[in-house]
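Structure file query22.pdb (PDB, C-alpha atoms and all ligand atoms) is printed below.
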```
ATOM      1  CA  MET A  18       0.000   0.000   0.000
ATOM      2  CA  LYS A  19       1.443   3.361  -1.019
ATOM      3  CA  ARG A  20       1.821   5.778   1.869
ATOM      4  CA  LEU A  21       0.207   8.787   0.123
ATOM      5  CA  LYS A  22      -2.372   7.029  -2.053
ATOM      6  CA  ASN A  23      -5.301   9.344  -2.989
ATOM      7  CA  LYS A  24      -3.628  12.420  -1.500
ATOM      8  CA  VAL A  25      -3.112  15.693  -3.346
ATOM      9  CA  ALA A  26      -0.049  17.606  -2.137
ATOM     10  CA  ILE A  27       1.147  21.133  -2.877
ATOM     11  CA  ILE A  28       4.903  21.617  -2.414
ATOM     12  CA  THR A  29       6.262  25.167  -2.592
ATOM     13  CA  GLY A  30       9.852  25.576  -3.766
ATOM     14  CA  GLY A  31       9.453  22.077  -5.215
ATOM     15  CA  ALA A  32      11.707  22.657  -8.221
ATOM     16  CA  SER A  33      14.880  22.371  -6.174
ATOM     17  CA  GLY A  34      16.592  20.987  -3.057
ATOM     18  CA  LEU A  35      14.493  19.753  -0.142
ATOM     19  CA  GLY A  36      11.208  20.474  -1.948
ATOM     20  CA  LEU A  37      12.282  18.459  -4.995
ATOM     21  CA  ALA A  38      13.225  15.532  -2.743
ATOM     22  CA  GLY A  39       9.672  15.721  -1.382
ATOM     23  CA  VAL A  40       8.199  15.813  -4.906
ATOM     24  CA  ASN A  41      10.006  12.619  -5.939
ATOM     25  CA  LEU A  42       9.183  10.728  -2.732
ATOM     26  CA  PHE A  43       5.534  11.840  -2.759
ATOM     27  CA  LEU A  44       5.116  10.678  -6.383
ATOM     28  CA  GLN A  45       6.780   7.381  -5.532
ATOM     29  CA  GLU A  46       4.275   6.929  -2.673
ATOM     30  CA  GLY A  47       1.197   7.553  -4.822
ATOM     31  CA  ALA A  48       0.439  11.270  -4.275
ATOM     32  CA  LYS A  49      -0.682  13.726  -6.919
ATOM     33  CA  VAL A  50       1.689  16.667  -6.655
ATOM     34  CA  VAL A  51       1.470  20.387  -7.427
ATOM     35  CA  VAL A  52       4.857  22.101  -7.569
ATOM     36  CA  VAL A  53       4.753  25.823  -6.809
ATOM     37  CA  ASP A  54       7.932  27.666  -7.747
ATOM     38  CA  PHE A  55       8.817  31.053  -9.210
ATOM     39  CA  ASP A  56      11.994  29.861 -10.947
ATOM     40  CA  LYS A  57      10.912  28.927 -14.493
ATOM     41  CA  LYS A  58      14.373  27.732 -15.559
ATOM     42  CA  GLN A  59      14.699  25.381 -12.590
ATOM     43  CA  THR A  60      11.134  24.094 -13.078
ATOM     44  CA  LYS A  61      11.922  23.325 -16.716
ATOM     45  CA  LYS A  62      15.015  21.401 -15.658
ATOM     46  CA  THR A  63      13.547  19.310 -12.826
ATOM     47  CA  ILE A  64       9.743  19.161 -13.091
ATOM     48  CA  GLU A  65       9.038  19.215 -16.829
ATOM     49  CA  PRO A  66      10.815  15.840 -17.346
ATOM     50  CA  LEU A  67       8.499  14.329 -14.690
ATOM     51  CA  ILE A  68       5.442  15.761 -16.457
ATOM     52  CA  ALA A  69       6.745  14.481 -19.807
ATOM     53  CA  ALA A  70       7.187  11.029 -18.253
ATOM     54  CA  GLY A  71       3.464  10.992 -17.390
ATOM     55  CA  LYS A  72       3.820  11.399 -13.604
ATOM     56  CA  ASP A  73       0.901  12.814 -11.595
ATOM     57  CA  VAL A  74       2.469  16.244 -11.240
ATOM     58  CA  ILE A  75       1.804  19.790 -12.433
ATOM     59  CA  ALA A  76       3.838  22.970 -12.049
ATOM     60  CA  VAL A  77       2.360  26.352 -11.154
ATOM     61  CA  ASN A  78       4.582  29.366 -11.644
ATOM     62  CA  ALA A  79       3.860  31.509  -8.592
ATOM     63  CA  ASP A  80       5.500  33.700  -5.969
ATOM     64  CA  VAL A  81       4.472  32.486  -2.493
ATOM     65  CA  SER A  82       4.711  36.007  -1.065
ATOM     66  CA  LYS A  83       1.886  37.266  -3.322
ATOM     67  CA  GLU A  84      -1.675  36.634  -2.217
ATOM     68  CA  GLU A  85      -3.092  36.725  -5.772
ATOM     69  CA  ASP A  86      -0.657  33.947  -6.728
ATOM     70  CA  TRP A  87      -2.047  31.716  -3.964
ATOM     71  CA  ALA A  88      -5.549  32.134  -5.371
ATOM     72  CA  LYS A  89      -4.138  30.910  -8.706
ATOM     73  CA  VAL A  90      -2.381  27.926  -7.038
ATOM     74  CA  VAL A  91      -5.593  26.762  -5.358
ATOM     75  CA  LYS A  92      -7.641  27.259  -8.537
ATOM     76  CA  GLU A  93      -5.215  25.264 -10.704
ATOM     77  CA  THR A  94      -4.882  22.496  -8.106
ATOM     78  CA  LEU A  95      -8.648  22.042  -7.843
ATOM     79  CA  ALA A  96      -9.053  22.189 -11.625
ATOM     80  CA  LYS A  97      -6.489  19.401 -12.133
ATOM     81  CA  PHE A  98      -6.836  17.186  -9.048
ATOM     82  CA  GLY A  99     -10.093  18.304  -7.318
ATOM     83  CA  ARG A 100      -8.879  18.547  -3.708
ATOM     84  CA  ILE A 101      -6.020  19.532  -1.358
ATOM     85  CA  ASP A 102      -4.796  17.192   1.398
ATOM     86  CA  VAL A 103      -1.217  18.315   2.032
ATOM     87  CA  LEU A 104       0.654  21.621   1.896
ATOM     88  CA  VAL A 105       4.437  21.644   2.238
ATOM     89  CA  ASN A 106       5.386  25.295   2.864
ATOM     90  CA  ASN A 107       9.009  24.742   1.876
ATOM     91  CA  ALA A 108       9.987  27.708  -0.363
ATOM     92  CA  GLY A 109      12.556  29.966   1.232
ATOM     93  CA  VAL A 110      15.427  32.335   0.526
ATOM     94  CA  HIS A 111      18.567  33.202   2.454
ATOM     95  CA  VAL A 112      20.570  36.402   2.794
ATOM     96  CA  ALA A 113      23.852  36.110   4.695
ATOM     97  CA  GLN A 114      23.998  39.380   6.609
ATOM     98  CA  ASP A 115      24.246  39.877  10.343
ATOM     99  CA  VAL A 116      22.144  42.337  12.343
ATOM    100  CA  LEU A 117      24.588  45.217  11.760
ATOM    101  CA  HIS A 118      24.526  44.884   7.972
ATOM    102  CA  THR A 119      20.948  43.870   7.127
ATOM    103  CA  THR A 120      19.173  46.302   4.809
ATOM    104  CA  VAL A 121      15.451  47.019   5.050
ATOM    105  CA  GLU A 122      15.073  45.735   1.461
ATOM    106  CA  ASP A 123      16.706  42.370   2.248
ATOM    107  CA  TRP A 124      14.823  41.988   5.536
ATOM    108  CA  THR A 125      11.493  42.706   3.849
ATOM    109  CA  ARG A 126      12.141  40.273   0.987
ATOM    110  CA  VAL A 127      13.232  37.454   3.322
ATOM    111  CA  MET A 128      10.315  37.990   5.715
ATOM    112  CA  ASN A 129       7.802  38.216   2.860
ATOM    113  CA  ILE A 130       8.896  34.972   1.238
ATOM    114  CA  ASN A 131       9.860  32.902   4.288
ATOM    115  CA  SER A 132       7.164  33.979   6.753
ATOM    116  CA  LEU A 133       4.286  35.779   5.025
ATOM    117  CA  GLY A 134       4.417  33.221   2.179
ATOM    118  CA  MET A 135       3.687  30.420   4.666
ATOM    119  CA  LEU A 136       0.841  32.312   6.333
ATOM    120  CA  LEU A 137      -0.746  32.914   2.915
ATOM    121  CA  GLY A 138      -0.354  29.266   1.970
ATOM    122  CA  ILE A 139      -2.194  28.171   5.104
ATOM    123  CA  LYS A 140      -4.868  30.862   4.678
ATOM    124  CA  HIS A 141      -5.690  29.717   1.132
ATOM    125  CA  CYS A 142      -5.275  25.926   1.440
ATOM    126  CA  ALA A 143      -6.766  25.148   4.869
ATOM    127  CA  PRO A 144     -10.383  25.925   3.793
ATOM    128  CA  GLU A 145     -10.004  23.341   0.988
ATOM    129  CA  MET A 146      -8.590  20.764   3.447
ATOM    130  CA  LYS A 147     -11.563  21.361   5.719
ATOM    131  CA  LYS A 148     -13.912  20.464   2.831
ATOM    132  CA  VAL A 149     -12.281  17.006   2.509
ATOM    133  CA  GLY A 150     -12.240  16.258   6.253
ATOM    134  CA  GLY A 151      -8.697  17.294   7.187
ATOM    135  CA  GLY A 152      -5.134  17.598   6.040
ATOM    136  CA  SER A 153      -1.497  18.131   6.887
ATOM    137  CA  ILE A 154       0.501  21.362   6.676
ATOM    138  CA  ILE A 155       4.293  21.218   6.944
ATOM    139  CA  ASN A 156       6.208  24.466   7.524
ATOM    140  CA  THR A 157       9.950  24.465   6.897
ATOM    141  CA  SER A 158      11.887  26.490   9.444
ATOM    142  CA  SER A 159      15.568  25.900  10.288
ATOM    143  CA  ILE A 160      17.800  25.228  13.290
ATOM    144  CA  GLY A 161      18.813  28.862  12.644
ATOM    145  CA  ALA A 162      15.569  29.659  14.499
ATOM    146  CA  GLU A 163      16.934  27.774  17.507
ATOM    147  CA  ILE A 164      20.568  28.876  17.594
ATOM    148  CA  GLY A 165      20.378  32.129  15.590
ATOM    149  CA  GLY A 166      24.027  32.199  14.587
ATOM    150  CA  PHE A 167      26.413  29.971  12.662
ATOM    151  CA  GLY A 168      23.517  27.670  11.808
ATOM    152  CA  ASP A 169      21.839  30.283   9.630
ATOM    153  CA  GLY A 170      24.955  31.669   7.917
ATOM    154  CA  TYR A 171      25.033  34.605  10.338
ATOM    155  CA  SER A 172      21.803  35.956   8.933
ATOM    156  CA  ALA A 173      19.559  38.191  11.036
ATOM    157  CA  ALA A 174      16.603  38.317   8.647
ATOM    158  CA  TYR A 175      16.747  34.588   7.895
ATOM    159  CA  SER A 176      16.744  33.485  11.534
ATOM    160  CA  MET A 177      13.949  35.976  12.345
ATOM    161  CA  SER A 178      11.850  34.668   9.466
ATOM    162  CA  LYS A 179      12.451  31.065  10.558
ATOM    163  CA  GLY A 180      11.558  31.921  14.170
ATOM    164  CA  ALA A 181       8.251  33.387  13.002
ATOM    165  CA  ILE A 182       7.413  30.066  11.343
ATOM    166  CA  ARG A 183       7.606  28.264  14.692
ATOM    167  CA  SER A 184       5.023  30.653  16.179
ATOM    168  CA  LEU A 185       2.824  30.435  13.087
ATOM    169  CA  THR A 186       2.793  26.635  13.319
ATOM    170  CA  LYS A 187       1.762  26.685  16.979
ATOM    171  CA  HIS A 188      -0.971  29.225  16.289
ATOM    172  CA  ALA A 189      -2.355  27.477  13.210
ATOM    173  CA  SER A 190      -2.292  24.043  14.858
ATOM    174  CA  GLN A 191      -4.670  25.364  17.528
ATOM    175  CA  VAL A 192      -6.965  27.156  15.090
ATOM    176  CA  LEU A 193      -7.212  24.201  12.696
ATOM    177  CA  ALA A 194      -7.275  21.176  15.028
ATOM    178  CA  ALA A 195     -11.077  21.140  15.160
ATOM    179  CA  ASP A 196     -11.076  20.626  11.380
ATOM    180  CA  ASN A 197      -8.586  17.742  11.664
ATOM    181  CA  ILE A 198      -5.868  19.779   9.973
ATOM    182  CA  ARG A 199      -2.424  19.129  11.442
ATOM    183  CA  VAL A 200       0.338  21.751  11.312
ATOM    184  CA  ASN A 201       3.974  20.986  12.096
ATOM    185  CA  THR A 202       7.385  22.625  11.788
ATOM    186  CA  VAL A 203      10.445  20.987  10.231
ATOM    187  CA  MET A 204      13.831  22.320  11.325
ATOM    188  CA  PRO A 205      16.673  21.134   9.082
ATOM    189  CA  GLY A 206      20.308  21.508  10.019
ATOM    190  CA  VAL A 207      22.819  22.082   7.247
ATOM    191  CA  MET A 208      21.744  20.226   4.099
ATOM    192  CA  PHE A 209      23.559  20.213   0.787
ATOM    193  CA  THR A 210      21.175  21.817  -1.776
ATOM    194  CA  ASP A 211      21.167  24.646  -4.331
ATOM    195  CA  MET A 212      20.741  27.032  -1.402
ATOM    196  CA  THR A 213      24.121  26.016   0.014
ATOM    197  CA  VAL A 214      25.678  26.046  -3.472
ATOM    198  CA  LYS A 215      24.553  29.710  -3.668
ATOM    199  CA  LEU A 216      26.393  30.255  -0.363
ATOM    200  CA  GLY A 217      29.589  28.957  -2.050
ATOM    201  CA  PHE A 218      29.699  25.248  -1.112
ATOM    202  CA  ASN A 219      29.996  23.034  -4.175
ATOM    203  CA  SER A 220      29.777  19.595  -2.591
ATOM    204  CA  ARG A 221      28.331  17.952   0.490
ATOM    205  CA  GLU A 222      31.879  17.138   1.667
ATOM    206  CA  GLU A 223      33.025  20.752   1.257
ATOM    207  CA  LEU A 224      30.007  21.907   3.247
ATOM    208  CA  GLY A 225      30.665  19.238   5.879
ATOM    209  CA  LYS A 226      34.268  20.384   6.348
ATOM    210  CA  VAL A 227      33.093  23.838   7.381
ATOM    211  CA  TYR A 228      30.522  22.453   9.782
ATOM    212  CA  LYS A 229      32.759  19.692  11.169
ATOM    213  CA  GLY A 230      32.601  19.860  14.936
ATOM    214  CA  THR A 231      29.050  21.227  15.032
ATOM    215  CA  ALA A 232      26.903  18.390  13.699
ATOM    216  CA  CYS A 233      27.778  14.998  15.210
ATOM    217  CA  LEU A 234      27.089  12.647  12.317
ATOM    218  CA  LYS A 235      29.461  12.356   9.379
ATOM    219  CA  PRO A 236      29.867  13.850   6.823
ATOM    220  CA  TYR A 237      28.584  16.777   8.946
ATOM    221  CA  ALA A 238      26.049  17.938   6.336
ATOM    222  CA  GLY A 239      22.804  16.288   5.321
ATOM    223  CA  GLU A 240      21.297  15.577   1.903
ATOM    224  CA  ALA A 241      17.877  16.534   0.551
ATOM    225  CA  ASN A 242      16.234  13.146   1.167
ATOM    226  CA  ASP A 243      17.012  13.386   4.884
ATOM    227  CA  ILE A 244      14.295  16.032   4.985
ATOM    228  CA  GLY A 245      12.254  14.518   2.123
ATOM    229  CA  TYR A 246      11.545  11.436   4.238
ATOM    230  CA  LEU A 247      10.371  13.633   7.126
ATOM    231  CA  TYR A 248       8.026  15.468   4.736
ATOM    232  CA  LEU A 249       6.726  12.054   3.688
ATOM    233  CA  TYR A 250       6.049  10.947   7.262
ATOM    234  CA  LEU A 251       4.281  14.209   8.137
ATOM    235  CA  ALA A 252       2.204  14.146   4.935
ATOM    236  CA  SER A 253       1.060  10.577   5.564
ATOM    237  CA  ASP A 254      -1.549   9.332   8.035
ATOM    238  CA  GLU A 255       1.311   7.736   9.997
ATOM    239  CA  SER A 256       1.682  11.125  11.735
ATOM    240  CA  LYS A 257      -2.070  11.471  12.456
ATOM    241  CA  TYR A 258      -1.573  12.425  16.123
ATOM    242  CA  ALA A 259       1.269  14.918  15.537
ATOM    243  CA  THR A 260       0.404  18.604  15.462
ATOM    244  CA  GLY A 261       1.906  21.875  16.712
ATOM    245  CA  SER A 262       5.261  20.113  16.938
ATOM    246  CA  GLU A 263       8.813  20.771  15.808
ATOM    247  CA  PHE A 264      10.938  18.121  14.108
ATOM    248  CA  ILE A 265      14.692  18.702  14.047
ATOM    249  CA  VAL A 266      16.880  16.760  11.599
ATOM    250  CA  ASP A 267      20.380  18.174  11.964
ATOM    251  CA  GLY A 268      22.895  15.351  12.484
ATOM    252  CA  GLY A 269      22.882  16.109  16.208
ATOM    253  CA  TRP A 270      23.924  19.759  15.976
ATOM    254  CA  VAL A 271      21.409  21.307  18.402
ATOM    255  CA  ALA A 272      21.901  18.460  20.884
ATOM    256  CA  SER A 273      25.686  18.942  20.874
ATOM    257  CA  SER A 274      25.630  22.750  21.021
ATOM    258  CA  GLY A 275      28.608  24.235  22.802
ATOM    259  CA  GLN A 276      30.451  20.943  23.221
ATOM    260  CA  ALA A 277      32.434  20.936  20.017
ATOM    261  CA  SER A 278      32.778  24.640  19.365
ATOM    262  CA  ASP A 279      36.533  24.456  18.701
ATOM    263  CA  GLY A 280      35.910  22.304  15.635
ATOM    264  CA  ARG A 281      37.072  18.955  17.056
ATOM    265  CA  THR A 282      35.052  15.873  16.310
ATOM    266  CA  TYR A 283      33.927  13.360  18.900
ATOM    267  CA  GLU A 284      36.572  10.924  17.581
ATOM    268  CA  GLU A 285      39.326  13.495  18.001
ATOM    269  CA  GLU A 286      38.055  14.134  21.521
ATOM    270  CA  LYS A 287      38.160  10.402  22.282
ATOM    271  CA  THR A 288      41.672   9.974  20.860
ATOM    272  CA  SER A 289      43.058  12.850  22.883
ATOM    273  CA  THR A 290      41.355  11.504  26.013
ATOM    274  CA  ASN A 291      42.932   8.061  25.519
ATOM    275  CA  LYS A 292      46.396   9.600  25.210
ATOM    276  CA  GLU A 293      46.161  11.306  28.584
ATOM    277  CA  GLU A 294      48.743  10.402  31.120
ATOM    278  CA  LYS A 295      47.598   8.986  34.396
ATOM    279  CA  THR A 296      49.482  11.269  36.715
ATOM    280  CA  SER A 297      48.507  10.210  40.181
ATOM    281  CA  THR A 298      47.204   7.214  42.057
ATOM    282  CA  ASN A 299      45.122   7.559  45.175
ATOM    283  CA  LYS A 300      45.188   5.400  48.313
ATOM    284  CA  GLU A 301      42.615   2.883  46.987
ATOM    285  CA  GLY A 302      44.776   2.332  43.905
ATOM    286  CA  LYS A 303      42.358   4.103  41.539
ATOM    287  CA  SER A 304      43.908   6.427  39.007
ATOM    288  CA  ALA A 305      43.131  10.093  38.755
ATOM    289  CA  THR A 306      43.709  11.947  35.545
ATOM    290  CA  LYS A 307      45.340  15.326  35.129
ATOM    291  CA  LYS A 308      43.015  17.938  33.692
ATOM    292  CA  ARG A 309      43.469  18.082  29.942
ATOM    293  CA  THR A 310      45.178  21.143  28.495
ATOM    294  CA  ASN A 311      45.180  20.193  24.852
ATOM    295  CA  LYS A 312      42.715  22.834  23.575
TER     296      LYS A 312
HETATM  297  N1  LIG B   1      19.655  23.742   2.743
HETATM  298  C1  LIG B   1      19.759  23.959   4.038
HETATM  299  O1  LIG B   1      20.835  23.787   4.640
HETATM  300  C2  LIG B   1      18.548  24.399   4.835
HETATM  301  C3  LIG B   1      18.663  24.410   6.231
HETATM  302  C4  LIG B   1      17.573  24.806   6.980
HETATM  303  C5  LIG B   1      16.391  25.182   6.376
HETATM  304  N2  LIG B   1      16.311  25.171   4.993
HETATM  305  C6  LIG B   1      15.044  25.604   4.407
HETATM  306  O2  LIG B   1      14.543  24.578   3.570
HETATM  307  C7  LIG B   1      13.770  25.155   2.514
HETATM  308  C8  LIG B   1      14.264  24.643   1.188
HETATM  309  O3  LIG B   1      15.607  25.039   1.043
HETATM  310  P1  LIG B   1      16.592  24.415  -0.044
HETATM  311  O4  LIG B   1      17.897  24.264   0.625
HETATM  312  O5  LIG B   1      15.958  23.282  -0.726
HETATM  313  O6  LIG B   1      16.709  25.683  -1.037
HETATM  314  P2  LIG B   1      16.789  25.759  -2.622
HETATM  315  O7  LIG B   1      17.275  27.136  -2.900
HETATM  316  O8  LIG B   1      17.518  24.606  -3.183
HETATM  317  O9  LIG B   1      15.251  25.635  -3.052
HETATM  318  C9  LIG B   1      14.309  26.622  -2.728
HETATM  319  C10 LIG B   1      13.277  26.687  -3.827
HETATM  320  O10 LIG B   1      12.302  27.674  -3.445
HETATM  321  C11 LIG B   1      11.978  28.440  -4.583
HETATM  322  N3  LIG B   1      11.504  29.757  -4.129
HETATM  323  C12 LIG B   1      12.196  30.697  -3.431
HETATM  324  N4  LIG B   1      11.431  31.767  -3.227
HETATM  325  C13 LIG B   1      10.225  31.511  -3.800
HETATM  326  C14 LIG B   1       9.022  32.261  -3.918
HETATM  327  N5  LIG B   1       8.919  33.518  -3.437
HETATM  328  N6  LIG B   1       7.969  31.690  -4.541
HETATM  329  C15 LIG B   1       8.086  30.445  -5.072
HETATM  330  N7  LIG B   1       9.199  29.708  -5.011
HETATM  331  C16 LIG B   1      10.261  30.238  -4.376
HETATM  332  C17 LIG B   1      13.296  28.550  -5.362
HETATM  333  O11 LIG B   1      13.077  28.913  -6.722
HETATM  334  C18 LIG B   1      13.850  27.143  -5.187
HETATM  335  O12 LIG B   1      13.435  26.269  -6.212
HETATM  336  C19 LIG B   1      13.893  26.675   2.669
HETATM  337  O13 LIG B   1      12.779  27.170   3.373
HETATM  338  C20 LIG B   1      15.151  26.813   3.515
HETATM  339  O14 LIG B   1      15.186  28.017   4.239
HETATM  340  C21 LIG B   1      17.361  24.784   4.220
END
```
Just dump the structure as C-alpha cells.
Amino acid sequence: MKRLKNKVAIITGGASGLGLAGVNLFLQEGAKVVVVDFDKKQTKKTIEPLIAAGKDVIAVNADVSKEEDWAKVVKETLAKFGRIDVLVNNAGVHVAQDVLHTTVEDWTRVMNINSLGMLLGIKHCAPEMKKVGGGSIINTSSIGAEIGGFGDGYSAAYSMSKGAIRSLTKHASQVLAADNIRVNTVMPGVMFTDMTVKLGFNSREELGKVYKGTACLKPYAGEANDIGYLYLYLASDESKYATGSEFIVDGGWVASSGQASDGRTYEEEKTSTNKEEKTSTNKEGKSATKKRTNK
C-alpha cells in the first residue's frame, strides 16, 4: 500500500533541493503533486521531465509572497486534481547578513517569502482541506531559528523569518485542530542543496568540512532526502496524532551545542582523552587523571 495514495499535495519551492526531494518521494508513494515555484528555468530542468514522463504532477509558476498567486495555485490544483490534502510550505530564501549589515530591502524580501508566504499558503489551502475532512501542513523552518548564529549563515533576517514560522505553526495548529488539519514545523540543520551552493559550497563534503565539529554525524552535512523522508512521514496518516510540533533533523547539531565549538570531532576528543597520562594514584589504587590542556 502506497503511503500517500489518494492524496493531493502542494509543495512550494518544489523545483529544487528539499522540496524536490519531497516531490520525488511523494510521487513514488502515490500522491498527486502540485509544484509551486517562481523559478521557471529550474522548473523546466527538474519538473518538466516528470510531467513528460506521465507522472501525476503539475507545475504552477507563482511567488508564495503574493496573495493573488495563492488564489491561482488553489484554482489550478482544484481544476487538475479536485482537492487539497497536504501543503508543504518549503519555499525559502537566504541572505547572509548579520544584524549590523541587514538592509530594510533584504529583511522585507526574506520575511515576505519565508514567513508571510507560509501564512498565505495556510490561509488559502486550509479551507479546501476542511472540505475534505482534514489535512497536513508542513512548515519548513531551520535550526537557525533555535541557535540564531552559525547555523543560519550569520543571517539576522533569515533566523527571524524562521523563528516566526515556529510561532505560526503553533498558532495554526490550535486554530485548525477542530477541522482535523495538522500543522507541524520541520527544522533542518545544514543540508547540501542549491541554497548552500549559492552560499559557495559546491559539494556535500566541502560543506561538511566547514561544519565539522558542530553536527555529530558524518559527513557533517545532510542531503535533501534526509528532509524529504520527514516530509513524507508528516504528509502521511502515519503522523495522524502529531500537530503543533517541531521536528529537528540536523545530524545532532542542536543536541551537541557548545560541546564541540573548537571544531574537534567526537573521535578526536576520544583519541586525545585516551592519550592522557595517568598522573597520580590515590590510596585505593584508583587512578586520577590530570586535567586536559590540549585545547
Ligand atoms: N539547505 C539547508 O541547509 C537548509 C537548512 C535549513 C532550512 N532550509 C530551508 O529549507 C527550505 C528549502 O531550502 P533548499 O535548501 O531546498 O533551497 P533551494 O534554494 O535549493 O530551493 C528553494 C526553492 O524555493 C523556490 N523559491 C524561493 N522563493 C520563492 C518564492 N517567493 N515563490 C516560489 N518559489 C520560491 C526557489 O526557486 C527554489 O526552487 C527553505 O525554506 C530553507 O530556508 C534549508
**Prompt:** Can I get the residues close to ligand LIG 1 (chain B) as JSON, numbers by chain, where close means within 6 Å and we count all atoms listed in the file?
**Reply:** {"A": [29, 30, 31, 32, 33, 34, 35, 36, 53, 54, 55, 56, 79, 80, 81, 82, 107, 108, 109, 110, 130, 157, 158, 159, 205, 206, 207, 208, 209, 210, 211, 212, 213]}
I'd like the contact shell of stretch 86-95 of chain A - 10 Å cut-off, all atoms listed in the file, skipping same-chain residues fewer than 5 positions apart - returned as a PDB file with C-alpha atoms, in the frame of the given file.
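Saved result, selection_35.pdb, follows:
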```
ATOM      1  CA  VAL A  25      -3.112  15.693  -3.346  1.00  0.00           C
ATOM      2  CA  ALA A  26      -0.049  17.606  -2.137  1.00  0.00           C
ATOM      3  CA  ILE A  27       1.147  21.133  -2.877  1.00  0.00           C
ATOM      4  CA  LYS A  49      -0.682  13.726  -6.919  1.00  0.00           C
ATOM      5  CA  VAL A  50       1.689  16.667  -6.655  1.00  0.00           C
ATOM      6  CA  VAL A  51       1.470  20.387  -7.427  1.00  0.00           C
ATOM      7  CA  VAL A  52       4.857  22.101  -7.569  1.00  0.00           C
ATOM      8  CA  VAL A  53       4.753  25.823  -6.809  1.00  0.00           C
ATOM      9  CA  ILE A  75       1.804  19.790 -12.433  1.00  0.00           C
ATOM     10  CA  ALA A  76       3.838  22.970 -12.049  1.00  0.00           C
ATOM     11  CA  VAL A  77       2.360  26.352 -11.154  1.00  0.00           C
ATOM     12  CA  ASN A  78       4.582  29.366 -11.644  1.00  0.00           C
ATOM     13  CA  ALA A  79       3.860  31.509  -8.592  1.00  0.00           C
ATOM     14  CA  ASP A  80       5.500  33.700  -5.969  1.00  0.00           C
ATOM     15  CA  VAL A  81       4.472  32.486  -2.493  1.00  0.00           C
ATOM     16  CA  ARG A 100      -8.879  18.547  -3.708  1.00  0.00           C
ATOM     17  CA  ILE A 101      -6.020  19.532  -1.358  1.00  0.00           C
ATOM     18  CA  GLY A 134       4.417  33.221   2.179  1.00  0.00           C
ATOM     19  CA  LEU A 137      -0.746  32.914   2.915  1.00  0.00           C
ATOM     20  CA  GLY A 138      -0.354  29.266   1.970  1.00  0.00           C
ATOM     21  CA  ILE A 139      -2.194  28.171   5.104  1.00  0.00           C
ATOM     22  CA  LYS A 140      -4.868  30.862   4.678  1.00  0.00           C
ATOM     23  CA  HIS A 141      -5.690  29.717   1.132  1.00  0.00           C
ATOM     24  CA  CYS A 142      -5.275  25.926   1.440  1.00  0.00           C
ATOM     25  CA  GLU A 145     -10.004  23.341   0.988  1.00  0.00           C
TER      26      GLU A 145
END
```
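A straight line drawn from atom CA of A:Glu240 to atom CA of A:Leu185 is 26.2 Å long.
Across the structure, atom CA of A:Glu223 and atom CA of A:Ile164 are spaced 22.1 Å apart.
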**Message:** For this structure, which residues satisfy the selection - the PyMOL selection byres (((chain A and resi 115) around 12) and not hetatm) - when it is evaluated on the file as given? I want them as a PyMOL selection string.
**Reply:** chain A and resi 111-114+116-120+123-124+165-167+169-177
**Request:** Counting all atoms listed in the file, find the residues whose atoms lie at most 7 Å from (26.5, 10.7, 8.4) (file coordinates) and write them out as number ranges by chain.
**Result:** A: 234-237
Please dump the current selection as a short mmCIF file (atom, residue, chain, number, x, y, z; two decimals), in the coordinates of the input; keep C-alpha atoms.
```cif
data_model
loop_
_atom_site.label_atom_id
_atom_site.label_comp_id
_atom_site.auth_asym_id
_atom_site.auth_seq_id
_atom_site.Cartn_x
_atom_site.Cartn_y
_atom_site.Cartn_z
CA LEU A 234 27.09 12.65 12.32
CA LYS A 235 29.46 12.36 9.38
CA PRO A 236 29.87 13.85 6.82
CA TYR A 237 28.58 16.78 8.95
#
```
**Prompt:** Selected by the PyMOL selection byres (((chain A and resi 187) around 12) and not hetatm) in the shown coordinates: which residues, as a count of residues only?
**Reply:** 26
**Asked** Of the residues A:Ala96, A:Leu104, A:Leu37, A:Leu42, which is the one nearest to A:Tyr246, using all atoms listed in the file?
**Response** A:Leu42
**Request:** Write out as a ChimeraX atom specification which residues come within 6 Å of stretch 250-257 of chain A when counting all atoms listed in the file, dropping same-chain ones fewer than 3 positions away.
**Result:** /A:21,153,247
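For the residues A:Asn197, A:Ser273, A:Thr125, A:Asn131, ranking by smallest atom-to-atom distance to A:Gly150 using all atoms listed in the file places A:Asn197 first.
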**Item:** Test item: the PyMOL selection byres (((chain A and resi 46) around 10) and not hetatm) resolved as a PyMOL selection string
**Value:** chain A and resi 18-24+40-45+47-49+249+253
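For the pair atom CA of A:Ile244 and atom CA of A:Thr60, the interatomic distance is 20.0 Å.
Residue nearest A:Asp267 within the list A:Asn106, A:Ser132, A:Thr231, A:Ser178: A:Thr231 [criterion: smallest interatomic distance, all atoms listed in the file].
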What are the centre and edge lengths in Å, to one decimal, of the axis-aligned box around all listed atoms of stretch 51-65 of chain A with 8 Å added on each side, as JSON?
```
{"center_x": 8.2, "center_y": 25.1, "center_z": -11.8, "size_x": 29.5, "size_y": 27.9, "size_z": 26.0}
```
**Request:** Rank A:Gly161, A:Thr63, A:Val103, A:Lys229 by their smallest atom-to-atom distance to A:Lys179, using only C-alpha atoms, and report the top residue only.
**Result:** A:Gly161
